[in-house]
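S.K.: Questions regarding the structure given below will be posed in turn.
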Amino acid sequence: MREMSLGDFKIYWLPEAKFMLDGGSMFGVVPKVLWTKRYPVDGENYIPLVTNPVLIDTGEKRVLLDTGLGNKMTEKQKKIYRIEEYDLLGESLQALGLEFTDIDYVIYSHLDFDHASGGTRLEAGEVVPTFPNARYVVQEREWDDMRSPGKRTSHTYWTENWQVLATKDLVDVVEGYKEILPGIEVFLSGGHTRGHQVIKVSSQGETMLHFGDLMPMHSHLNPLWVMAYDNYPMDSVQQKEQWLEEAILGNWWLSFYHDPFMAAIRVDEKREIVEQL
Ligand SMILES: [Zn+2]
């Protein structure tokens with residue numbers, strides 16, 4: 001488990017699952033000859049990925065950014081996504097002396113299944129909220145889109161990932177910008193999905209930006225390297241460019257959810273990685 005201090009906050013990248021996807025789908029229009037110089041690939045064009053929900057301990061509250069694959073994946077899905085290890089979030093929290101009930105906020109970058117599925121669990125055949133004491137924070141647009149998915153999104157917005165949260169009234173929707181807690185802010189970005197948001201974490205003059213799926217791995221640092229999965233790629237490019245400029249000026253950390261090799265990086269004006277975790 002990788003961790004760091006950010007001002008008064010402690011931040012942990014919690015191992016949750018390991019899986020694989022087609023490399024082309026993760027690198028969109030980028031030619032294979034280029035992306036394979038920056039990321040490993042196997043003989044069947046699959047690339048290794050993880051889900052690492054990010055825990056922020058502010059000293060008073062515990063905030064989780066995204067939730068992983070959870071325990072609701074079917075055997076077929078495990079095969080399709082080449083899921084090796086999964087549903088490790090409970091163990092990762094336990095290693096820090098924590099339980100699901102200790103989480104105060106879950107902030108979703110967006111609600112694709114690989115980010116939202118861990119937010120609810122199958123227990124004795126029933127789907128229940130994984131974090132019963134948490135407020136679940138999501139952009140209103142994403143929440144609406146999830147509950148009435150379209151042709152392209154119905155395979156990734158799952159009813160079992162939202163219904164019980166709605167029934168138990170655990171969701172807080174945000175329209176655009178909101179400070180969730182002192183030092184933890186969310187901003188609507190769009191791009192990957194219409195309601196995707198980025199999360200900015202700041203304490204004592206230090207800042208980390210969680211890009212969600214706008215920058216899933218370190219190899220996606222170039223704003224033009226966007227996934228084929230992105231529904232609004234031009235918005236992704238614009239948002240990445242804008243945030244990256246600000247991050248470089250402020251010497252912010254950039255945090256990754258899907259990267260097995262790096263949890264977070266800092267980059268210089270030439271946009272080269274100068275520090276990594
Ligand atoms: Zn993702």
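Just remember, in the structure tokens the first chain shown is A, the second B, etc., residues are 1-based per chain, and ligands are 1-based in the order shown.
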Any idea what's packed within 6 Å of A:Tyr12, counting only C-alpha atoms, ignoring anything in its chain fewer than 3 positions away? Could you give it as JSON, numbers by chain?
M.R.: {"A": [2, 3, 54, 55]}
S.K.: Show me which residues sit within 10 Å of ligand 1 when counting only C-alpha atoms and all ligand atoms, and put them as a ChimeraX atom specification.
M.R.: /A:26,49-51,66,68-69,109-116,192,212-216,229,257-258
S.K.: Hey, what's within 12 Å of stretch 141-152 of chain A if we count only C-alpha atoms and toss same-chain stuff fewer than 4 positions away? As a PyMOL selection string, please?
M.R.: chain A and resi 108-113+116+136-137+156-163+165-166+171-176+188-197+229-231
S.K.: Considering only strand (DSSP E) as DSSP defines it on the backbone, what residues of stretch 232-266 of chain A qualify? List them as a PyMOL selection string.
M.R.: chain A and resi 253-255+264-266
S.K.: Show which residues sit within 7 Å of A:Asp104, as a list in words. Count only C-alpha atoms, and ignore same-chain residues fewer than 6 positions away.
M.R.: Lys61, Arg62, Val63, Asn133, Ala134 and Arg135 of chain A
S.K.: Please give the complete set of residues from stretch 138-181 of chain A that DSSP, run on the backbone, assigns to alpha helix (DSSP H), formatted as a list in words.
M.R.: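 Matching residues for alpha helix (DSSP H) in stretch 138-181 of chain A are Glu140, Arg141, Glu142, Trp143, Asp144, Asp145, Met146, Arg147, Gln163, Val164, Leu165, Ala166 and Thr167 of chain A.
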S.K.: Measuring atom to atom with only C-alpha atoms, identify which of A:Thr153, A:Asp169, A:Asp57, A:Glu272 is nearest to A:Met4.
M.R.: A:Asp57
S.K.: Which residues are close to A:Lys240, i.e. within 9 Å by only C-alpha atoms, leaving aside same-chain residues fewer than 3 positions away? Reply as number ranges by chain.
M.R.: A: 211, 214-215, 221-224, 235-237, 243-245
S.K.: Measuring between only C-alpha atoms, which one of A:Asp259, A:Trp252, A:Gln139, A:Gln239 shows the shortest distance to A:Val274?
M.R.: A:Trp252
S.K.: My list of candidates is A:Val30, A:Val41, A:Leu170, A:Leu88. Which is closest to A:Ala17 when distances are computed with only C-alpha atoms?
M.R.: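 For A:Ala17, the nearest of the candidates is A:Leu88.
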S.K.: So, with only C-alpha atoms as the atoms that count, which of A:Ala124, A:Leu14, A:Leu93, A:Leu21 lies closest to A:Lys79?
M.R.: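 Among the listed residues, the smallest separation from A:Lys79 belongs to A:Leu21.
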S.K.: So, counting only C-alpha atoms, which residue among A:Glu185, A:Glu85, A:Glu206, A:Glu99 is closest to A:Glu16?
M.R.: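 Of A:Glu185, A:Glu85, A:Glu206, A:Glu99, the one nearest A:Glu16 is A:Glu85, counting only C-alpha atoms.
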S.K.: Restricting the calculation to only C-alpha atoms: of A:Thr167, A:Ile47, A:Gly70, A:Ser117, which residue gets closest to A:Ser25?
M.R.: A:Ile47
S.K.: Can you tell me how far atom CA of A:Leu254 sits from atom CA of A:Met234, in Å to one decimal?
M.R.: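 Those two atoms sit 20.7 Å apart.
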